[in-house]
$ cat my_file21.cif   # mmCIF, C-alpha atoms and all ligand atoms
data_upload
loop_
_atom_site.group_PDB
_atom_site.id
_atom_site.type_symbol
_atom_site.label_atom_id
_atom_site.label_comp_id
_atom_site.auth_asym_id
_atom_site.auth_seq_id
_atom_site.Cartn_x
_atom_site.Cartn_y
_atom_site.Cartn_z
ATOM 1 C CA MET A 332 0.000 0.000 0.000
ATOM 2 C CA THR A 333 1.382 3.447 -0.923
ATOM 3 C CA PRO A 334 1.431 6.282 1.642
ATOM 4 C CA ALA A 335 -1.339 7.990 -0.354
ATOM 5 C CA ASN A 336 -3.453 4.846 -0.162
ATOM 6 C CA LEU A 337 -2.770 4.546 3.557
ATOM 7 C CA ALA A 338 -3.919 8.128 4.103
ATOM 8 C CA GLU A 339 -7.045 7.468 2.007
ATOM 9 C CA ASN A 340 -7.708 4.375 4.057
ATOM 10 C CA ALA A 341 -7.328 6.239 7.372
ATOM 11 C CA ILE A 342 -9.931 8.755 6.194
ATOM 12 C CA ASP A 343 -12.270 5.929 5.182
ATOM 13 C CA THR A 344 -11.933 4.093 8.494
ATOM 14 C CA GLY A 345 -12.300 7.255 10.562
ATOM 15 C CA ALA A 346 -15.240 8.490 8.527
ATOM 16 C CA GLN A 347 -16.939 5.112 8.738
ATOM 17 C CA HIS A 348 -16.618 5.057 12.532
ATOM 18 C CA ILE A 349 -18.152 8.540 12.786
ATOM 19 C CA ARG A 350 -20.852 7.687 10.276
ATOM 20 C CA ASP A 351 -21.758 4.537 12.239
ATOM 21 C CA SER A 352 -21.846 6.395 15.578
ATOM 22 C CA ILE A 353 -24.046 9.198 14.256
ATOM 23 C CA ARG A 354 -26.199 6.745 12.316
ATOM 24 C CA ASP A 355 -26.745 4.628 15.478
ATOM 25 C CA ALA A 356 -27.610 7.779 17.428
ATOM 26 C CA ILE A 357 -30.214 8.664 14.779
ATOM 27 C CA VAL A 358 -31.586 5.117 14.501
ATOM 28 C CA GLU A 359 -31.817 4.786 18.294
ATOM 29 C CA ARG A 360 -33.466 8.212 18.348
ATOM 30 C CA ARG A 361 -30.843 9.794 20.583
ATOM 31 C CA LEU A 362 -30.215 12.480 17.947
ATOM 32 C CA ALA A 363 -33.398 14.272 16.995
ATOM 33 C CA PRO A 364 -34.244 15.522 13.514
ATOM 34 C CA GLY A 365 -32.940 19.029 12.869
ATOM 35 C CA THR A 366 -29.965 18.736 15.285
ATOM 36 C CA LYS A 367 -26.974 20.738 14.042
ATOM 37 C CA LEU A 368 -23.887 18.617 13.330
ATOM 38 C CA SER A 369 -21.074 21.152 13.321
ATOM 39 C CA GLU A 370 -17.866 19.934 11.639
ATOM 40 C CA ASN A 371 -15.806 21.455 14.457
ATOM 41 C CA ASP A 372 -17.850 19.849 17.240
ATOM 42 C CA VAL A 373 -17.966 16.427 15.599
ATOM 43 C CA GLY A 374 -14.241 16.611 14.706
ATOM 44 C CA GLY A 375 -13.420 17.619 18.294
ATOM 45 C CA LEU A 376 -15.561 14.866 19.820
ATOM 46 C CA PHE A 377 -13.984 12.166 17.667
ATOM 47 C CA ASN A 378 -10.563 13.814 17.528
ATOM 48 C CA VAL A 379 -10.356 13.730 13.726
ATOM 49 C CA SER A 380 -9.853 16.289 10.967
ATOM 50 C CA ARG A 381 -12.662 18.175 9.270
ATOM 51 C CA THR A 382 -11.898 16.245 6.065
ATOM 52 C CA VAL A 383 -12.812 13.000 7.814
ATOM 53 C CA VAL A 384 -15.930 14.563 9.381
ATOM 54 C CA ARG A 385 -17.015 15.913 6.005
ATOM 55 C CA ALA A 386 -16.666 12.455 4.430
ATOM 56 C CA ALA A 387 -18.818 10.946 7.186
ATOM 57 C CA LEU A 388 -21.506 13.630 6.875
ATOM 58 C CA GLN A 389 -21.484 13.278 3.107
ATOM 59 C CA ALA A 390 -22.063 9.506 3.419
ATOM 60 C CA LEU A 391 -24.954 10.144 5.826
ATOM 61 C CA SER A 392 -26.467 12.667 3.426
ATOM 62 C CA TYR A 393 -26.475 10.037 0.647
ATOM 63 C CA GLU A 394 -28.536 7.847 2.978
ATOM 64 C CA GLY A 395 -30.972 10.683 3.587
ATOM 65 C CA LEU A 396 -30.158 10.895 7.297
ATOM 66 C CA VAL A 397 -28.288 14.197 7.169
ATOM 67 C CA THR A 398 -29.015 17.381 5.224
ATOM 68 C CA VAL A 399 -26.037 19.482 4.179
ATOM 69 C CA GLU A 400 -26.999 23.115 3.581
ATOM 70 C CA LYS A 401 -24.696 25.557 1.838
ATOM 71 C CA ASN A 402 -23.202 28.076 4.301
ATOM 72 C CA ARG A 403 -25.228 26.606 7.174
ATOM 73 C CA GLY A 404 -23.590 23.224 7.606
ATOM 74 C CA ALA A 405 -24.979 19.766 8.331
ATOM 75 C CA PHE A 406 -28.110 18.831 10.268
ATOM 76 C CA VAL A 407 -29.873 15.615 11.160
ATOM 77 C CA ALA A 408 -32.475 15.409 8.382
ATOM 78 C CA TYR A 409 -35.961 16.645 9.145
ATOM 79 C CA PRO A 410 -38.170 14.553 6.881
ATOM 80 C CA SER A 411 -41.448 16.154 5.809
ATOM 81 C CA VAL A 412 -44.829 14.462 6.252
ATOM 82 C CA ALA A 413 -44.823 13.670 2.509
ATOM 83 C CA GLU A 414 -41.366 12.080 2.792
ATOM 84 C CA ALA A 415 -42.496 10.085 5.821
ATOM 85 C CA GLN A 416 -45.427 8.723 3.828
ATOM 86 C CA GLN A 417 -43.113 7.869 0.923
ATOM 87 C CA ILE A 418 -40.803 5.917 3.241
ATOM 88 C CA PHE A 419 -43.689 3.730 4.438
ATOM 89 C CA ALA A 420 -45.100 3.420 0.903
ATOM 90 C CA THR A 421 -41.657 2.156 -0.162
ATOM 91 C CA ARG A 422 -41.546 -0.306 2.723
ATOM 92 C CA ARG A 423 -44.962 -1.663 1.686
ATOM 93 C CA LEU A 424 -43.582 -2.268 -1.812
ATOM 94 C CA ILE A 425 -40.259 -3.750 -0.698
ATOM 95 C CA GLU A 426 -40.918 -5.831 2.409
ATOM 96 C CA PRO A 427 -43.456 -8.357 1.057
ATOM 97 C CA GLY A 428 -41.084 -9.096 -1.862
ATOM 98 C CA LEU A 429 -38.234 -9.342 0.612
ATOM 99 C CA LEU A 430 -40.227 -11.866 2.688
ATOM 100 C CA ARG A 431 -40.923 -14.021 -0.378
ATOM 101 C CA GLU A 432 -37.204 -13.993 -1.207
ATOM 102 C CA ALA A 433 -36.258 -14.727 2.415
ATOM 103 C CA ALA A 434 -38.702 -17.674 2.430
ATOM 104 C CA ARG A 435 -36.839 -19.202 -0.526
ATOM 105 C CA HIS A 436 -33.575 -19.135 1.455
ATOM 106 C CA LEU A 437 -35.056 -19.923 4.856
ATOM 107 C CA GLU A 438 -33.300 -22.539 7.003
ATOM 108 C CA ARG A 439 -33.997 -23.807 10.516
ATOM 109 C CA ARG A 440 -31.120 -21.756 11.942
ATOM 110 C CA HIS A 441 -32.695 -18.562 10.560
ATOM 111 C CA ILE A 442 -35.915 -19.190 12.477
ATOM 112 C CA LYS A 443 -33.826 -19.790 15.608
ATOM 113 C CA GLU A 444 -31.939 -16.519 15.061
ATOM 114 C CA LEU A 445 -35.170 -14.578 14.473
ATOM 115 C CA ARG A 446 -36.726 -16.051 17.626
ATOM 116 C CA ALA A 447 -33.606 -15.076 19.587
ATOM 117 C CA LEU A 448 -33.943 -11.502 18.311
ATOM 118 C CA LEU A 449 -37.599 -11.408 19.380
ATOM 119 C CA ALA A 450 -36.719 -12.797 22.808
ATOM 120 C CA GLU A 451 -34.066 -10.095 23.194
ATOM 121 C CA GLU A 452 -36.582 -7.462 22.114
ATOM 122 C CA GLU A 453 -39.038 -8.712 24.739
ATOM 123 C CA ARG A 454 -36.391 -8.835 27.455
ATOM 124 C CA LEU A 455 -35.487 -5.205 26.733
ATOM 125 C CA THR A 456 -39.156 -4.177 26.803
ATOM 126 C CA SER A 457 -39.484 -5.503 30.349
ATOM 127 C CA GLU A 458 -36.446 -3.496 31.485
ATOM 128 C CA ARG A 459 -36.642 0.139 32.487
ATOM 129 C CA GLY A 460 -34.465 3.150 31.772
ATOM 130 C CA PRO A 461 -33.497 5.082 28.657
ATOM 131 C CA SER A 462 -30.654 2.788 27.568
ATOM 132 C CA ALA A 463 -32.910 -0.294 27.641
ATOM 133 C CA ARG A 464 -35.508 1.693 25.739
ATOM 134 C CA ARG A 465 -32.967 2.659 23.056
ATOM 135 C CA ALA A 466 -31.749 -0.902 22.737
ATOM 136 C CA GLU A 467 -35.346 -2.075 22.389
ATOM 137 C CA ILE A 468 -36.027 0.400 19.583
ATOM 138 C CA LYS A 469 -32.926 -0.792 17.769
ATOM 139 C CA ALA A 470 -33.864 -4.445 18.327
ATOM 140 C CA SER A 471 -37.290 -3.902 16.754
ATOM 141 C CA GLY A 472 -35.633 -2.604 13.563
ATOM 142 C CA ASP A 473 -33.106 -5.432 13.666
ATOM 143 C CA VAL A 474 -35.870 -7.986 13.040
ATOM 144 C CA HIS A 475 -36.616 -6.344 9.681
ATOM 145 C CA LEU A 476 -32.895 -6.194 8.864
ATOM 146 C CA ALA A 477 -32.422 -9.851 9.845
ATOM 147 C CA LEU A 478 -35.164 -10.822 7.368
ATOM 148 C CA ALA A 479 -33.276 -8.864 4.683
ATOM 149 C CA ALA A 480 -30.023 -10.644 5.604
ATOM 150 C CA ILE A 481 -31.656 -14.065 4.993
ATOM 151 C CA THR A 482 -32.103 -13.198 1.309
ATOM 152 C CA GLY A 483 -28.303 -13.034 0.899
ATOM 153 C CA ASN A 484 -28.829 -10.019 -1.372
ATOM 154 C CA ALA A 485 -26.331 -7.330 -0.298
ATOM 155 C CA ILE A 486 -27.986 -4.580 -2.363
ATOM 156 C CA LEU A 487 -31.368 -5.307 -0.794
ATOM 157 C CA GLN A 488 -29.741 -5.328 2.658
ATOM 158 C CA ARG A 489 -28.188 -1.903 2.129
ATOM 159 C CA PHE A 490 -31.467 -0.582 0.806
ATOM 160 C CA MET A 491 -33.234 -1.889 3.927
ATOM 161 C CA ASP A 492 -30.524 -0.401 6.177
ATOM 162 C CA GLU A 493 -31.393 2.958 4.692
ATOM 163 C CA LEU A 494 -35.161 2.430 4.893
ATOM 164 C CA ILE A 495 -35.063 1.294 8.533
ATOM 165 C CA ALA A 496 -32.756 4.172 9.494
ATOM 166 C CA ARG A 497 -35.046 6.656 7.719
ATOM 167 C CA SER A 498 -38.084 5.053 9.397
ATOM 168 C CA SER A 499 -36.450 5.530 12.809
ATOM 169 C CA LEU A 500 -35.867 9.176 12.012
ATOM 170 C CA VAL A 501 -39.505 9.603 10.963
ATOM 171 C CA ILE A 502 -40.708 7.768 14.090
ATOM 172 C CA ALA A 503 -38.458 10.023 16.218
ATOM 173 C CA LEU A 504 -40.133 13.019 14.639
ATOM 174 C CA TYR A 505 -43.745 11.901 14.266
ATOM 175 C CA GLY A 506 -44.110 8.897 16.585
ATOM 176 C CA GLN A 507 -46.635 9.344 19.382
ATOM 177 C CA SER A 508 -46.591 5.920 20.992
ATOM 178 C CA VAL A 509 -44.596 5.480 24.208
ATOM 179 C CA ALA A 510 -43.930 1.885 23.257
ATOM 180 C CA SER A 511 -41.757 0.897 20.321
ATOM 181 C CA SER A 512 -43.573 1.352 17.051
ATOM 182 C CA CYS A 513 -42.875 -2.237 16.042
ATOM 183 C CA GLY A 514 -45.370 -4.509 17.814
ATOM 184 C CA HIS A 515 -43.749 -7.628 19.257
ATOM 185 C CA ALA A 516 -46.867 -9.714 18.763
ATOM 186 C CA GLU A 517 -46.879 -8.810 15.084
ATOM 187 C CA HIS A 518 -43.238 -9.784 14.689
ATOM 188 C CA HIS A 519 -44.055 -13.157 16.239
ATOM 189 C CA GLN A 520 -47.013 -13.709 13.913
ATOM 190 C CA ILE A 521 -44.872 -12.934 10.845
ATOM 191 C CA ILE A 522 -42.168 -15.399 11.933
ATOM 192 C CA ASP A 523 -44.845 -18.019 12.784
ATOM 193 C CA ALA A 524 -46.313 -17.731 9.286
ATOM 194 C CA LEU A 525 -42.841 -18.010 7.729
ATOM 195 C CA GLU A 526 -42.045 -21.068 9.830
ATOM 196 C CA ASN A 527 -45.333 -22.679 8.764
ATOM 197 C CA GLY A 528 -44.436 -22.069 5.132
ATOM 198 C CA ASP A 529 -47.394 -19.712 4.681
ATOM 199 C CA VAL A 530 -45.563 -16.959 2.806
ATOM 200 C CA GLU A 531 -48.741 -15.190 1.652
ATOM 201 C CA ALA A 532 -49.989 -14.905 5.233
ATOM 202 C CA ALA A 533 -46.557 -13.591 6.290
ATOM 203 C CA CYS A 534 -46.712 -10.948 3.531
ATOM 204 C CA LYS A 535 -50.225 -9.902 4.544
ATOM 205 C CA LEU A 536 -49.170 -9.610 8.189
ATOM 206 C CA MET A 537 -46.121 -7.563 7.185
ATOM 207 C CA LEU A 538 -48.295 -5.103 5.253
ATOM 208 C CA GLN A 539 -50.620 -4.747 8.262
ATOM 209 C CA HIS A 540 -47.586 -4.304 10.506
ATOM 210 C CA ILE A 541 -46.220 -1.450 8.332
ATOM 211 C CA ASP A 542 -49.724 0.099 8.252
ATOM 212 C CA HIS A 543 -49.787 0.004 12.058
ATOM 213 C CA ILE A 544 -46.367 1.668 12.364
ATOM 214 C CA GLU A 545 -47.500 4.437 10.007
ATOM 215 C CA ALA A 546 -50.876 4.812 11.760
ATOM 216 C CA ASP A 547 -48.954 5.463 14.988
ATOM 217 C CA LEU A 548 -47.459 8.681 13.595
ATOM 218 C CA ASP A 549 -48.641 12.222 14.217
ATOM 219 C CA LEU A 550 -47.216 15.667 13.579
ATOM 220 C CA ARG A 551 -45.722 16.492 16.949
ATOM 221 C CA ALA A 552 -41.946 16.950 16.913
ATOM 222 C CA LYS A 553 -39.681 15.764 19.693
ATOM 223 C CA LYS A 554 -36.782 17.568 21.369
ATOM 224 C CA SER A 555 -33.149 16.527 20.910
ATOM 225 C CA GLY A 556 -30.394 15.932 23.453
ATOM 226 C CA ASP A 557 -26.966 17.558 23.413
ATOM 227 C CA LEU A 558 -24.614 16.191 20.699
ATOM 228 C CA LYS A 559 -21.889 15.290 23.192
ATOM 229 C CA ASP A 560 -24.309 13.494 25.544
ATOM 230 C CA VAL A 561 -26.184 11.535 22.929
ATOM 231 C CA LEU A 562 -22.987 10.247 21.317
ATOM 232 C CA ARG A 563 -21.777 9.290 24.810
ATOM 233 C CA LEU A 564 -18.273 10.598 24.232
HETATM 234 ZN ZN ZN B 1 -41.439 -4.380 12.992
#
$ encode --input "my_file21.cif" --output "structure tokens" --more "lines below"
Ligand SMILES: [Zn+2]
Amino acid sequence: MTPANLAENAIDTGAQHIRDSIRDAIVERRLAPGTKLSENDVGGLFNVSRTVVRAALQALSYEGLVTVEKNRGAFVAYPSVAEAQQIFATRRLIEPGLLREAARHLERRHIKELRALLAEEERLTSERGPSARRAEIKASGDVHLALAAITGNAILQRFMDELIARSSLVIALYGQSVASSCGHAEHHQIIDALENGDVEAACKLMLQHIDHIEADLDLRAKKSGDLKDVLRL
């Protein structure tokens, strides 16, 4: 590897770490929509150059999680009501097809893994405190991502990563339920149908599930925490 390549690589690794941290904070709803992500603050918190920070913020803007405004800097995206509806409309188009594809690749071990995820989700629900709550929110999205992983299609997985992250952002902004917006009972029913080989029932349940998540939204915005606190640095 040439020195130039090494430098490139260091930027990539650093940027990826920052991207993942900020992305997790958005997905777990610790960073609220509209929060300012100053290059100086982020660079200082992670102890990296502005070049690395810019690369991370750029990557997040491609995923629709961050908005970069000329002369104003970067912010956690603030999806509109129309965008929120488009995200769920997209999920309704994608996730039944994803389930059919997952069913074709489904093995016993997958069912076991999905059940373990649901058990973890339930365990976290019974716990109290903000960190358990955050972990529970993440776990509920993980079930959808685990279904995508079964397909073995990396493009579909990345697409779902983006959709689930964007959904979390929308739920952070418009969610009104105290509980996680993914119902545990519904997750169980979907996995049951898959296990029984009833793919059509699983697809129907998934569509209802997405409808329920969307029906849980309203137009009240939530407040954000401090950047340093939410990233736990
Ligand atoms: Zn769900």
$ atom_distance --input "my_file21.cif" --atom1 "CA of Leu448 in chain A" --atom2 "CA of His518 in chain A"
10.1 Å
$ residues_around --input "my_file21.cif" --residues "range 375-377 of chain A" --least-positions-apart "2" --cutoff "8 Å" --atoms "all atoms listed in the file" --output "PyMOL selection string"
chain A and resi 349+371-373+379+559+564
$ closest_residue --input "my_file21.cif" --among "A:Ala413, A:Ala546, A:Leu500, A:Val399" --to "Lys367 in chain A" --atoms "only C-alpha atoms"
A:Val399
$ resolve_selection --input "my_file21.cif" --expression "the PyMOL selection byres (((not hetatm)) within 7 of (chain B and resi 1))" --output "list in words"
Ser471, Gly472, Val474, His475, Cys513, Gly514, His518 and His540 of chain A
$ resolve_selection --input "my_file21.cif" --expression "the PyMOL selection byres (((chain A and resi 541) around 9) and not hetatm)" --output "list in words"
Phe419, Ala420, Arg422, Arg423, Cys513, Leu536, Met537, Leu538, Gln539, His540, Asp542, His543, Ile544, Glu545 and Ala546 of chain A
$ closest_residue --input "my_file21.cif" --among "A:Ser499, A:Arg454, A:Tyr505, A:Ala408" --to "Tyr393 in chain A" --atoms "all atoms listed in the file"
A:Ala408
$ atom_distance --input "my_file21.cif" --atom1 "CA of Glu426 in chain A" --atom2 "CA of Leu548 in chain A"
19.5 Å
$ residues_around --input "my_file21.cif" --residues "Asp355 in chain A" --least-positions-apart "3" --cutoff "12 Å" --atoms "all atoms listed in the file" --output "mmCIF file with C-alpha atoms, in the coordinates of the input"
data_model
loop_
_atom_site.group_PDB
_atom_site.id
_atom_site.type_symbol
_atom_site.label_atom_id
_atom_site.label_comp_id
_atom_site.auth_asym_id
_atom_site.auth_seq_id
_atom_site.Cartn_x
_atom_site.Cartn_y
_atom_site.Cartn_z
ATOM 1 C CA GLN A 347 -16.939 5.112 8.738
ATOM 2 C CA HIS A 348 -16.618 5.057 12.532
ATOM 3 C CA ILE A 349 -18.152 8.540 12.786
ATOM 4 C CA ARG A 350 -20.852 7.687 10.276
ATOM 5 C CA ASP A 351 -21.758 4.537 12.239
ATOM 6 C CA SER A 352 -21.846 6.395 15.578
ATOM 7 C CA VAL A 358 -31.586 5.117 14.501
ATOM 8 C CA GLU A 359 -31.817 4.786 18.294
ATOM 9 C CA ARG A 360 -33.466 8.212 18.348
ATOM 10 C CA ARG A 361 -30.843 9.794 20.583
ATOM 11 C CA LEU A 362 -30.215 12.480 17.947
ATOM 12 C CA ALA A 363 -33.398 14.272 16.995
ATOM 13 C CA LEU A 391 -24.954 10.144 5.826
ATOM 14 C CA LEU A 396 -30.158 10.895 7.297
ATOM 15 C CA ARG A 465 -32.967 2.659 23.056
ATOM 16 C CA ALA A 466 -31.749 -0.902 22.737
ATOM 17 C CA ILE A 468 -36.027 0.400 19.583
ATOM 18 C CA LYS A 469 -32.926 -0.792 17.769
ATOM 19 C CA ALA A 470 -33.864 -4.445 18.327
ATOM 20 C CA GLY A 472 -35.633 -2.604 13.563
ATOM 21 C CA ASP A 492 -30.524 -0.401 6.177
ATOM 22 C CA GLU A 493 -31.393 2.958 4.692
ATOM 23 C CA ILE A 495 -35.063 1.294 8.533
ATOM 24 C CA ALA A 496 -32.756 4.172 9.494
ATOM 25 C CA ARG A 497 -35.046 6.656 7.719
ATOM 26 C CA SER A 499 -36.450 5.530 12.809
ATOM 27 C CA LEU A 500 -35.867 9.176 12.012
ATOM 28 C CA VAL A 561 -26.184 11.535 22.929
ATOM 29 C CA LEU A 562 -22.987 10.247 21.317
ATOM 30 C CA ARG A 563 -21.777 9.290 24.810
#
$ residues_around --input "my_file21.cif" --residues "Val530 in chain A" --least-positions-apart "5" --cutoff "7 Å" --atoms "all atoms listed in the file" --output "VMD selection string"
chain A and resid 431 434 524 to 525
$ write_last_selection --input "my_file21.cif" --atoms "C-alpha atoms" --output "mmCIF file, in the coordinates of the input"
data_model
loop_
_atom_site.group_PDB
_atom_site.id
_atom_site.type_symbol
_atom_site.label_atom_id
_atom_site.label_comp_id
_atom_site.auth_asym_id
_atom_site.auth_seq_id
_atom_site.Cartn_x
_atom_site.Cartn_y
_atom_site.Cartn_z
ATOM 1 C CA ARG A 431 -40.923 -14.021 -0.378
ATOM 2 C CA ALA A 434 -38.702 -17.674 2.430
ATOM 3 C CA ALA A 524 -46.313 -17.731 9.286
ATOM 4 C CA LEU A 525 -42.841 -18.010 7.729
#
$ atom_distance --input "my_file21.cif" --atom1 "CA of Gln416 in chain A" --atom2 "CA of Lys401 in chain A"
26.8 Å
$ closest_residue --input "my_file21.cif" --among "A:Val383, A:Ala477, A:Val397, A:Ile425" --to "Arg446 in chain A" --atoms "only C-alpha atoms"
A:Ala477
$ resolve_selection --input "my_file21.cif" --expression "the PyMOL selection byres (((chain A and resi 438) around 12) and not hetatm)" --output "PyMOL selection string"
chain A and resi 433-437+439-445+478+481-482+525-526+528
